[in-house]
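The file my_file-v6.csv comes next; it holds CSV, C-alpha atoms.
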```csv
chain,number,residue,atom,x,y,z
M,1,MET,CA,10.2,-54.8,89.1
M,2,ASN,CA,13.1,-57.3,88.8
M,3,TRP,CA,15.2,-58.2,91.9
M,4,LEU,CA,18.0,-55.8,91.0
M,5,ASP,CA,15.6,-52.9,90.9
M,6,TRP,CA,14.0,-54.0,94.1
M,7,ILE,CA,17.3,-54.1,95.9
M,8,ARG,CA,18.2,-50.7,94.6
M,9,SER,CA,14.9,-49.4,96.0
M,10,LEU,CA,15.9,-50.7,99.4
M,11,PHE,CA,19.0,-48.6,99.4
M,12,ARG,CA,17.3,-45.5,98.2
M,13,ARG,CA,15.1,-45.2,101.3
M,14,GLY,CA,17.7,-43.1,103.0
M,15,ARG,CA,17.2,-40.0,100.9
M,16,PRO,CA,16.0,-36.8,102.7
M,17,GLY,CA,12.3,-36.9,103.2
M,18,SER,CA,12.1,-40.6,103.2
M,19,ALA,CA,9.8,-42.1,105.8
M,20,GLN,CA,12.3,-44.9,106.4
M,21,ALA,CA,15.7,-43.3,106.4
M,22,ASN,CA,18.0,-46.2,106.9
M,23,GLY,CA,20.0,-45.4,103.7
M,24,TYR,CA,22.8,-47.8,104.0
M,25,SER,CA,24.7,-48.7,100.8
M,26,PRO,CA,25.8,-52.3,100.1
M,27,GLU,CA,29.4,-51.4,101.1
M,28,GLU,CA,28.2,-49.8,104.3
M,29,LEU,CA,26.2,-52.9,105.1
M,30,ARG,CA,29.2,-55.1,104.4
M,31,MET,CA,31.3,-53.0,106.8
M,32,LEU,CA,28.6,-53.1,109.4
M,33,ALA,CA,28.3,-56.9,109.1
M,34,GLN,CA,32.1,-57.1,109.6
M,35,ALA,CA,31.9,-54.9,112.6
M,36,LEU,CA,29.1,-57.0,114.1
M,37,GLU,CA,31.1,-60.1,113.5
M,38,ASN,CA,34.0,-58.7,115.4
M,39,THR,CA,31.9,-57.2,118.3
M,40,LEU,CA,32.7,-58.6,121.8
M,41,PRO,CA,30.4,-58.5,124.8
M,42,GLN,CA,33.0,-56.4,126.7
M,43,GLU,CA,35.2,-54.0,124.8
M,44,TYR,CA,37.6,-51.3,126.0
M,45,SER,CA,36.4,-47.8,125.7
M,46,CYS,CA,38.4,-45.1,124.0
M,47,ALA,CA,39.3,-43.6,127.4
M,48,GLU,CA,40.6,-47.0,128.7
M,49,VAL,CA,42.7,-47.4,125.5
M,50,TYR,CA,44.1,-43.9,125.8
M,51,GLN,CA,45.3,-44.7,129.3
M,52,LEU,CA,47.4,-47.6,127.9
M,53,LEU,CA,48.3,-46.2,124.5
M,54,ASP,CA,51.8,-45.1,125.5
M,55,GLN,CA,52.6,-48.4,127.1
M,56,ALA,CA,51.3,-50.3,124.2
M,57,ALA,CA,53.2,-48.3,121.6
M,58,GLU,CA,56.4,-48.8,123.6
M,59,LEU,CA,55.9,-52.5,123.7
M,60,ALA,CA,55.1,-52.6,120.0
M,61,ALA,CA,58.2,-50.5,119.2
M,62,GLN,CA,60.3,-53.0,121.1
M,63,GLY,CA,58.9,-55.8,118.9
M,64,ALA,CA,56.3,-57.2,121.2
M,65,ASP,CA,53.0,-58.5,119.9
M,66,ILE,CA,50.3,-56.4,121.5
M,67,SER,CA,47.6,-58.6,120.1
M,68,THR,CA,48.8,-61.3,122.6
M,69,LEU,CA,50.0,-59.0,125.4
M,70,MET,CA,47.0,-56.6,125.3
M,71,PRO,CA,44.2,-58.3,123.4
M,72,LEU,CA,41.4,-56.0,124.4
M,73,LEU,CA,43.4,-52.9,123.5
M,74,HIS,CA,44.4,-54.5,120.2
M,75,HIS,CA,40.7,-55.3,119.5
M,76,HIS,CA,39.7,-51.8,120.2
M,77,LEU,CA,42.3,-50.5,117.8
M,78,GLU,CA,40.7,-52.8,115.1
M,79,MET,CA,37.3,-51.4,115.8
M,80,CYS,CA,38.1,-47.7,116.4
M,81,HIS,CA,39.7,-45.8,113.6
M,82,ASP,CA,40.4,-42.7,115.7
M,83,CYS,CA,42.3,-44.6,118.3
M,84,ARG,CA,44.1,-46.6,115.7
M,85,GLU,CA,45.3,-43.4,114.0
M,86,GLU,CA,46.6,-42.1,117.3
M,87,TYR,CA,48.4,-45.3,118.1
M,88,GLU,CA,50.0,-45.4,114.7
M,89,ALA,CA,51.1,-41.8,115.0
M,90,LEU,CA,52.7,-42.5,118.4
M,91,LEU,CA,54.3,-45.6,117.1
M,92,ASN,CA,55.9,-43.7,114.2
M,93,VAL,CA,57.5,-41.3,116.7
M,94,LEU,CA,58.9,-44.2,118.8
M,95,GLN,CA,60.1,-46.2,115.8
M,96,ALA,CA,62.0,-43.1,114.6
M,97,GLY,CA,63.7,-43.0,118.0
M,98,MET,CA,62.3,-39.6,118.8
M,99,ALA,CA,60.8,-40.3,122.3
D,1,MET,CA,70.1,-32.1,126.3
D,2,ALA,CA,71.0,-34.4,129.2
D,3,PRO,CA,68.8,-37.4,129.4
D,4,ARG,CA,66.4,-37.4,132.3
D,5,THR,CA,64.7,-40.2,134.1
D,6,ASN,CA,60.9,-40.1,134.6
D,7,ASP,CA,61.4,-38.9,138.2
D,8,GLN,CA,63.8,-36.1,137.0
D,9,TRP,CA,61.3,-34.9,134.4
D,10,LEU,CA,58.6,-34.7,137.1
D,11,ALA,CA,60.8,-33.0,139.6
D,12,ASP,CA,62.1,-30.4,137.2
D,13,LEU,CA,58.7,-29.6,135.8
D,14,ARG,CA,57.3,-29.3,139.3
D,15,ALA,CA,60.1,-27.0,140.3
D,16,ALA,CA,59.9,-23.2,140.1
D,17,GLY,CA,62.3,-21.1,138.2
D,18,PRO,CA,65.2,-22.2,135.9
D,19,GLU,CA,64.8,-25.9,136.4
D,20,GLN,CA,61.3,-25.8,135.1
D,21,GLU,CA,62.2,-23.4,132.3
D,22,ALA,CA,65.0,-25.7,131.2
D,23,ALA,CA,62.7,-28.8,131.4
D,24,LEU,CA,60.0,-27.0,129.3
D,25,ALA,CA,62.5,-26.0,126.7
D,26,ASP,CA,63.8,-29.5,126.5
D,27,LEU,CA,60.4,-31.0,126.3
D,28,ARG,CA,59.5,-28.5,123.5
D,29,ALA,CA,62.5,-29.7,121.5
D,30,VAL,CA,61.4,-33.3,122.1
D,31,LEU,CA,58.0,-32.6,120.8
D,32,LEU,CA,59.2,-30.6,117.7
D,33,ASN,CA,61.5,-33.5,116.8
D,34,GLY,CA,58.6,-36.0,117.1
D,35,LEU,CA,55.8,-34.2,115.4
D,36,PRO,CA,57.0,-34.7,111.8
D,37,TYR,CA,56.9,-38.5,112.4
D,38,ALA,CA,53.6,-38.4,114.3
D,39,LEU,CA,52.0,-36.4,111.5
D,40,ALA,CA,53.7,-38.2,108.6
D,41,ALA,CA,50.4,-39.5,107.3
D,42,TRP,CA,48.6,-36.2,107.7
D,43,LEU,CA,50.8,-33.2,106.9
D,44,PRO,CA,54.3,-33.2,105.5
D,45,PRO,CA,56.8,-31.0,107.3
D,46,GLY,CA,57.3,-28.9,104.2
D,47,ASP,CA,53.6,-27.9,104.1
D,48,PRO,CA,53.1,-24.3,105.0
D,49,GLN,CA,50.5,-25.3,107.6
D,50,PHE,CA,52.9,-27.6,109.4
D,51,GLU,CA,54.9,-25.1,111.4
D,52,PRO,CA,51.9,-23.1,112.7
D,53,LEU,CA,50.2,-26.3,113.6
D,54,ALA,CA,53.3,-27.7,115.3
D,55,GLU,CA,53.7,-24.5,117.3
D,56,GLU,CA,50.1,-24.6,118.4
D,57,VAL,CA,50.3,-28.3,119.3
D,58,VAL,CA,53.5,-27.8,121.4
D,59,GLN,CA,52.0,-25.0,123.4
D,60,GLU,CA,48.8,-26.8,124.1
D,61,THR,CA,50.6,-30.0,124.9
D,62,LEU,CA,53.0,-28.3,127.4
D,63,LEU,CA,50.0,-26.7,129.1
D,64,ARG,CA,48.2,-30.0,129.4
D,65,VAL,CA,51.4,-31.8,130.6
D,66,LEU,CA,51.8,-29.2,133.4
D,67,ALA,CA,48.2,-29.5,134.4
D,68,HIS,CA,48.1,-33.3,134.4
D,69,LEU,CA,51.6,-34.2,135.8
D,70,GLY,CA,49.9,-36.0,138.7
D,71,THR,CA,48.1,-38.4,136.3
D,72,PHE,CA,51.4,-39.8,134.9
D,73,GLU,CA,51.6,-43.3,136.2
D,74,GLY,CA,55.0,-44.2,135.0
D,75,ARG,CA,53.8,-47.1,132.7
D,76,SER,CA,56.0,-45.7,129.9
D,77,GLN,CA,58.8,-43.3,129.4
D,78,PHE,CA,57.7,-39.8,130.4
D,79,THR,CA,58.4,-38.5,126.9
D,80,THR,CA,56.3,-41.2,125.3
D,81,TRP,CA,53.4,-40.0,127.5
D,82,VAL,CA,54.0,-36.5,126.4
D,83,HIS,CA,54.0,-37.5,122.8
D,84,LYS,CA,50.7,-39.3,123.3
D,85,ILE,CA,49.2,-36.0,124.5
D,86,ALA,CA,50.7,-34.2,121.5
D,87,VAL,CA,49.3,-36.7,119.1
D,88,ARG,CA,45.8,-36.3,120.6
D,89,VAL,CA,46.0,-32.5,120.4
D,90,ALA,CA,47.3,-32.6,116.8
D,91,LEU,CA,44.9,-35.1,115.4
D,92,THR,CA,42.0,-33.5,117.1
D,93,GLU,CA,42.9,-30.2,115.3
D,94,LEU,CA,43.6,-31.9,112.0
D,95,ARG,CA,40.3,-33.8,112.1
D,96,ARG,CA,38.4,-30.7,113.0
D,97,LYS,CA,39.9,-28.8,110.1
D,98,ARG,CA,39.4,-31.6,107.6
D,99,TRP,CA,35.8,-32.1,108.5
D,100,GLN,CA,34.8,-28.5,109.3
D,101,ASP,CA,32.6,-28.1,106.2
D,102,VAL,CA,30.8,-31.3,106.5
D,103,SER,CA,27.4,-31.3,108.2
D,104,LEU,CA,26.3,-34.5,110.0
D,105,ASP,CA,22.8,-34.1,108.7
D,106,GLU,CA,24.0,-34.0,105.1
D,107,LEU,CA,26.4,-36.9,105.6
D,108,VAL,CA,23.8,-39.1,107.3
D,109,GLU,CA,20.7,-38.2,105.3
D,110,GLY,CA,22.3,-37.9,101.9
D,111,GLU,CA,22.6,-40.5,99.2
D,112,ALA,CA,24.0,-43.8,100.4
D,113,ALA,CA,27.7,-43.6,99.7
D,114,GLY,CA,28.0,-46.9,97.9
D,115,LEU,CA,25.1,-46.5,95.5
D,116,ALA,CA,27.2,-45.0,92.8
D,117,LYS,CA,30.1,-47.3,93.2
D,118,PRO,CA,30.6,-49.5,90.2
D,119,GLY,CA,30.6,-53.2,90.7
D,120,LEU,CA,28.1,-53.5,93.5
D,121,MET,CA,25.1,-53.7,91.3
D,122,SER,CA,26.6,-54.2,88.0
D,123,ASP,CA,27.9,-57.7,88.4
D,124,PRO,CA,26.5,-60.4,86.2
D,125,ALA,CA,23.1,-61.5,87.4
D,126,PRO,CA,23.4,-64.2,90.0
D,127,THR,CA,21.3,-67.4,89.9
D,128,PRO,CA,17.7,-67.1,90.8
D,129,GLU,CA,18.4,-69.1,94.0
D,130,THR,CA,21.2,-66.7,95.0
D,131,SER,CA,19.2,-63.6,94.3
D,132,ALA,CA,16.2,-64.8,96.3
D,133,GLU,CA,18.5,-65.5,99.3
D,134,GLN,CA,20.2,-62.2,99.0
D,135,VAL,CA,16.9,-60.3,98.8
D,136,ASP,CA,15.6,-62.1,101.8
D,137,LEU,CA,18.8,-61.4,103.9
D,138,LEU,CA,18.8,-57.7,102.9
D,139,GLN,CA,15.1,-57.4,103.7
D,140,ARG,CA,15.6,-58.9,107.1
D,141,LEU,CA,18.6,-56.8,107.9
D,142,GLU,CA,16.8,-53.6,106.8
D,143,ARG,CA,13.9,-54.5,109.2
D,144,ILE,CA,16.3,-55.3,112.1
D,145,LEU,CA,18.1,-52.0,111.6
D,146,GLN,CA,14.9,-50.1,111.6
D,147,GLU,CA,13.6,-51.9,114.7
D,148,GLU,CA,16.6,-52.1,116.9
D,149,LEU,CA,18.6,-48.8,116.5
D,150,THR,CA,17.6,-45.6,118.1
D,151,GLU,CA,17.8,-42.5,115.9
D,152,LYS,CA,20.9,-41.4,117.7
D,153,GLN,CA,22.6,-44.8,117.1
D,154,ARG,CA,21.5,-44.8,113.4
D,155,ARG,CA,23.0,-41.4,112.8
D,156,ALA,CA,26.2,-42.3,114.6
D,157,MET,CA,26.5,-45.6,112.8
D,158,LEU,CA,26.0,-44.0,109.4
D,159,ALA,CA,28.4,-41.1,110.1
D,160,THR,CA,31.2,-43.4,111.1
D,161,LEU,CA,30.5,-45.9,108.2
D,162,ARG,CA,30.8,-42.9,105.9
D,163,GLY,CA,34.2,-42.0,107.2
D,164,MET,CA,33.6,-39.3,109.7
D,165,PRO,CA,36.0,-39.6,112.7
D,166,LEU,CA,34.3,-40.7,115.9
D,167,GLU,CA,35.5,-37.5,117.5
D,168,GLU,CA,33.9,-35.3,114.9
D,169,ALA,CA,30.6,-37.2,115.0
D,170,ALA,CA,30.7,-36.9,118.8
D,171,ARG,CA,31.3,-33.1,118.6
D,172,ARG,CA,28.4,-32.7,116.3
D,173,MET,CA,26.2,-34.8,118.6
D,174,ASN,CA,27.3,-32.9,121.8
D,175,MET,CA,28.9,-36.0,123.2
D,176,GLU,CA,32.3,-37.2,124.3
D,177,ARG,CA,34.1,-39.5,121.9
D,178,ASN,CA,34.2,-42.2,124.7
D,179,ALA,CA,30.4,-42.0,125.2
D,180,LEU,CA,29.8,-42.3,121.4
D,181,TYR,CA,32.0,-45.4,121.2
D,182,LYS,CA,29.9,-46.9,124.0
D,183,LEU,CA,26.7,-45.9,122.2
D,184,LEU,CA,27.9,-47.7,119.1
D,185,HIS,CA,29.1,-50.7,121.0
D,186,ASP,CA,25.6,-51.0,122.6
D,187,ALA,CA,24.1,-50.8,119.1
D,188,ARG,CA,26.4,-53.5,117.7
D,189,LEU,CA,25.6,-55.7,120.6
D,190,ARG,CA,21.8,-55.2,120.2
D,191,LEU,CA,22.0,-55.9,116.5
D,192,LYS,CA,24.1,-59.0,117.0
D,193,GLN,CA,21.7,-60.3,119.6
D,194,ARG,CA,18.7,-59.7,117.4
D,195,LEU,CA,20.4,-61.5,114.5
D,196,SER,CA,21.2,-64.4,116.7
D,197,GLU,CA,17.5,-64.5,117.9
D,198,GLU,CA,16.5,-64.7,114.2
D,199,GLY,CA,19.0,-67.5,113.6
D,200,LEU,CA,21.3,-65.3,111.6
D,201,ALA,CA,25.0,-64.6,111.9
D,202,PRO,CA,26.9,-61.4,110.7
D,203,GLU,CA,29.0,-63.7,108.5
D,204,ASP,CA,25.8,-64.5,106.5
D,205,PHE,CA,25.5,-60.9,105.5
D,206,ARG,CA,29.2,-60.3,104.9
D,207,ALA,CA,29.3,-63.3,102.6
D,208,VAL,CA,26.4,-61.9,100.6
D,209,PHE,CA,28.0,-58.5,100.2
D,210,GLU,CA,31.4,-59.9,99.4
D,211,SER,CA,30.0,-62.1,96.8
D,212,ARG,CA,28.8,-59.1,94.8
```
What would the structure in this file look like if it were written as structure tokens?
Amino acid sequence: MNWLDWIRSLFRRGRPGSAQANGYSPEELRMLAQALENTLPQEYSCAEVYQLLDQAAELAAQGADISTLMPLLHHHLEMCHDCREEYEALLNVLQAGMA
Amino acid sequence: MAPRTNDQWLADLRAAGPEQEAALADLRAVLLNGLPYALAAWLPPGDPQFEPLAEEVVQETLLRVLAHLGTFEGRSQFTTWVHKIAVRVALTELRRKRWQDVSLDELVEGEAAGLAKPGLMSDPAPTPETSAEQVDLLQRLERILQEELTEKQRRAMLATLRGMPLEEAARRMNMERNALYKLLHDARLRLKQRLSEEGLAPEDFRAVFESR
């Protein structure tokens, strides 16, 4: 077995019925490595971010840099797709002047 | 509609009778004006599903606003706080509909999503030195993932890496979204710690995968 086949065999372990069902694809492992690189010992939870989301969106809509003003919230938005979607939706409303 | 301060919104919504009815009608208009912008990336206003969804979202949001008036802390405009609630209600519903036919078991235990992607394995063969290094790193990562993650963490990690919203993964695992984020954060911390103990950094792996 050459090295390419061997690597492929690693990724095939995740199939149903496999004894070792890790099953990550190379792209998934890359994304995981990126997430690990960005992981902080202390991170805001989704609930903590939700509490501050309206305040953060207003600051951003006024042109403030929330990565500086609210770094932990900004970091959570980088890590959590759900919260980021909600932040962006709210920001769209404010930027349209609809609040 | 006459503009209200935060205190006026609160006072009118807490009042009985015509003041509250007028405030609710005004808030309903505020929400209906904002929803097309909030949902711009999800559902265009011309879509036949938009109006029924908007109506459902407005009703649910107004109920939640009345039930949770006491939790408004005045850190933003009152209407921004109300839009935040509407966004949560709307996206929760849209995520649920979008993912309703996807089973967590099938998503997590199915074929690894990237296997069929072109380019990952079809690049020109690297040098023997590079390939040996890559194989070693992959083997170590594989072992660390198996040893460090609980089954719950492994399933949650794969589900979110494969695009399932945290909220939908949490629903399928009978958890709150907040608790699932904490579970994944614990998993990431554990993996990072283990990599460090083995003299590895996440950047080492990212570099390997990005070089493919």
- Item | Selection near stretch 190-203 of chain D, 7 Å with only C-alpha atoms, sequence-local residues under 4 positions removed, as a VMD selection string | (chain M and resid 33 to 34 36 to 37) or (chain D and resid 148 186 207)
Please report, as a tab-separated table, each residue of chain D lying at most 7 Å from chain M, together with the nearest pair of atoms and the separation in Å rounded to one decimal; use all atoms listed in the file, and order rows by chain and ascending residue number.
```
residue	atom	partner	partner_atom	distance
D:Asn33	CA	M:Met98	CA	6.5
D:Gly34	CA	M:Val93	CA	5.4
D:Tyr37	CA	M:Val93	CA	5.2
D:Ala38	CA	M:Ala89	CA	4.3
D:Leu39	CA	M:Ala89	CA	6.5
D:Arg75	CA	M:Gln55	CA	5.9
D:Ser76	CA	M:Gln55	CA	5.2
D:Thr79	CA	M:Ala99	CA	5.5
D:Thr80	CA	M:Ala99	CA	5.5
D:Trp81	CA	M:Asp54	CA	5.7
D:His83	CA	M:Leu90	CA	6.8
D:Lys84	CA	M:Leu90	CA	6.2
D:Val87	CA	M:Glu86	CA	6.3
D:Arg88	CA	M:Glu86	CA	6.7
D:Glu109	CA	M:Pro16	CA	5.6
D:Gly110	CA	M:Arg15	CA	5.6
D:Glu111	CA	M:Arg15	CA	5.7
D:Ala112	CA	M:Ser25	CA	5.0
D:Ala113	CA	M:Ser25	CA	6.0
D:Gly114	CA	M:Ser25	CA	4.7
D:Leu115	CA	M:Ser25	CA	5.8
D:Val135	CA	M:Ile7	CA	6.9
D:Gln146	CA	M:Asn22	CA	6.8
D:Leu161	CA	M:Glu28	CA	6.0
D:Pro165	CA	M:Asp82	CA	6.2
D:Leu166	CA	M:Asp82	CA	6.4
D:Asn178	CA	M:Cys46	CA	5.2
D:Tyr181	CA	M:Ser45	CA	6.7
D:Lys182	CA	M:Ser45	CA	6.8
D:Arg188	CA	M:Leu36	CA	5.7
D:Leu189	CA	M:Thr39	CA	6.9
D:Lys192	CA	M:Leu36	CA	6.1
D:Pro202	CA	M:Ala33	CA	5.0
D:Glu203	CA	M:Glu37	CA	6.5
D:Phe205	CA	M:Ala33	CA	6.1
D:Arg206	CA	M:Arg30	CA	5.2
D:Phe209	CA	M:Arg30	CA	5.5
```
- Item | stretch 23-28 of chain D surroundings by all atoms listed in the file, 8 Å radius, close-in-sequence under 5 positions cut, as a PyMOL selection string | chain D and resi 1+9+12-13+58+62+79
- May I ask for the distance between atom CA of M:Thr68 and atom CA of D:Leu180, given in Å to one decimal place?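 So the two atoms, atom CA of M:Thr68 and atom CA of D:Leu180, lie 26.9 Å apart.
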- Query: Between atom CA of M:Ser67 and atom CA of D:Thr160, what is the spacing in Å?
  - Reply: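 Taking atom CA of D:Thr160 as the start and atom CA of M:Ser67 as the end point, the length is 24.1 Å.
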- Which value, in Å to one decimal, gives the distance between atom CA of D:Ala67 and atom CA of D:Glu21?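 Answer for the atom CA of D:Ala67 to atom CA of D:Glu21 separation: 15.4 Å.
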- Task: Pick out the residues sitting within 12 Å of D:Glu56, and hand them over as an MDAnalysis selection string; count only C-alpha atoms, and ignore anything fewer than 3 positions along from it in its own chain.
- Result: chainID D and resid 28 31:32 35 49:53 59:63 86 89:90 93:94
Missing atoms in stretch 68-79 of chain D need filling: write out N, CA, C and O atoms for it as a CSV table (one decimal), in the coordinates of the input.
```csv
chain,number,residue,atom,x,y,z
D,68,HIS,N,48.5,-31.9,134.1
D,68,HIS,CA,48.1,-33.3,134.4
D,68,HIS,C,49.4,-34.1,134.9
D,68,HIS,O,49.3,-35.3,134.7
D,69,LEU,N,50.4,-33.4,135.4
D,69,LEU,CA,51.6,-34.2,135.8
D,69,LEU,C,51.2,-35.3,136.8
D,69,LEU,O,51.8,-36.4,136.8
D,70,GLY,N,50.2,-35.0,137.6
D,70,GLY,CA,49.9,-36.0,138.7
D,70,GLY,C,49.2,-37.2,138.1
D,70,GLY,O,49.1,-38.2,138.9
D,71,THR,N,48.8,-37.2,136.9
D,71,THR,CA,48.1,-38.4,136.3
D,71,THR,C,49.1,-39.3,135.6
D,71,THR,O,48.7,-40.4,135.2
D,72,PHE,N,50.4,-38.9,135.5
D,72,PHE,CA,51.4,-39.8,134.9
D,72,PHE,C,51.7,-40.9,135.8
D,72,PHE,O,52.1,-40.7,137.0
D,73,GLU,N,51.4,-42.2,135.3
D,73,GLU,CA,51.6,-43.3,136.2
D,73,GLU,C,52.9,-44.1,136.0
D,73,GLU,O,53.1,-45.1,136.7
D,74,GLY,N,53.7,-43.6,135.2
D,74,GLY,CA,55.0,-44.2,135.0
D,74,GLY,C,55.0,-45.6,134.2
D,74,GLY,O,55.9,-46.4,134.3
D,75,ARG,N,53.9,-45.8,133.5
D,75,ARG,CA,53.8,-47.1,132.7
D,75,ARG,C,54.7,-47.0,131.5
D,75,ARG,O,54.9,-48.0,130.8
D,76,SER,N,55.1,-45.8,131.1
D,76,SER,CA,56.0,-45.7,129.9
D,76,SER,C,57.0,-44.6,130.2
D,76,SER,O,57.1,-44.1,131.3
D,77,GLN,N,57.9,-44.4,129.2
D,77,GLN,CA,58.8,-43.3,129.4
D,77,GLN,C,58.0,-42.0,129.5
D,77,GLN,O,56.9,-41.8,128.8
D,78,PHE,N,58.4,-41.0,130.3
D,78,PHE,CA,57.7,-39.8,130.4
D,78,PHE,C,57.5,-39.1,129.0
D,78,PHE,O,56.4,-38.6,128.7
D,79,THR,N,58.5,-39.1,128.2
D,79,THR,CA,58.4,-38.5,126.9
D,79,THR,C,57.4,-39.2,126.0
D,79,THR,O,56.8,-38.5,125.2
```
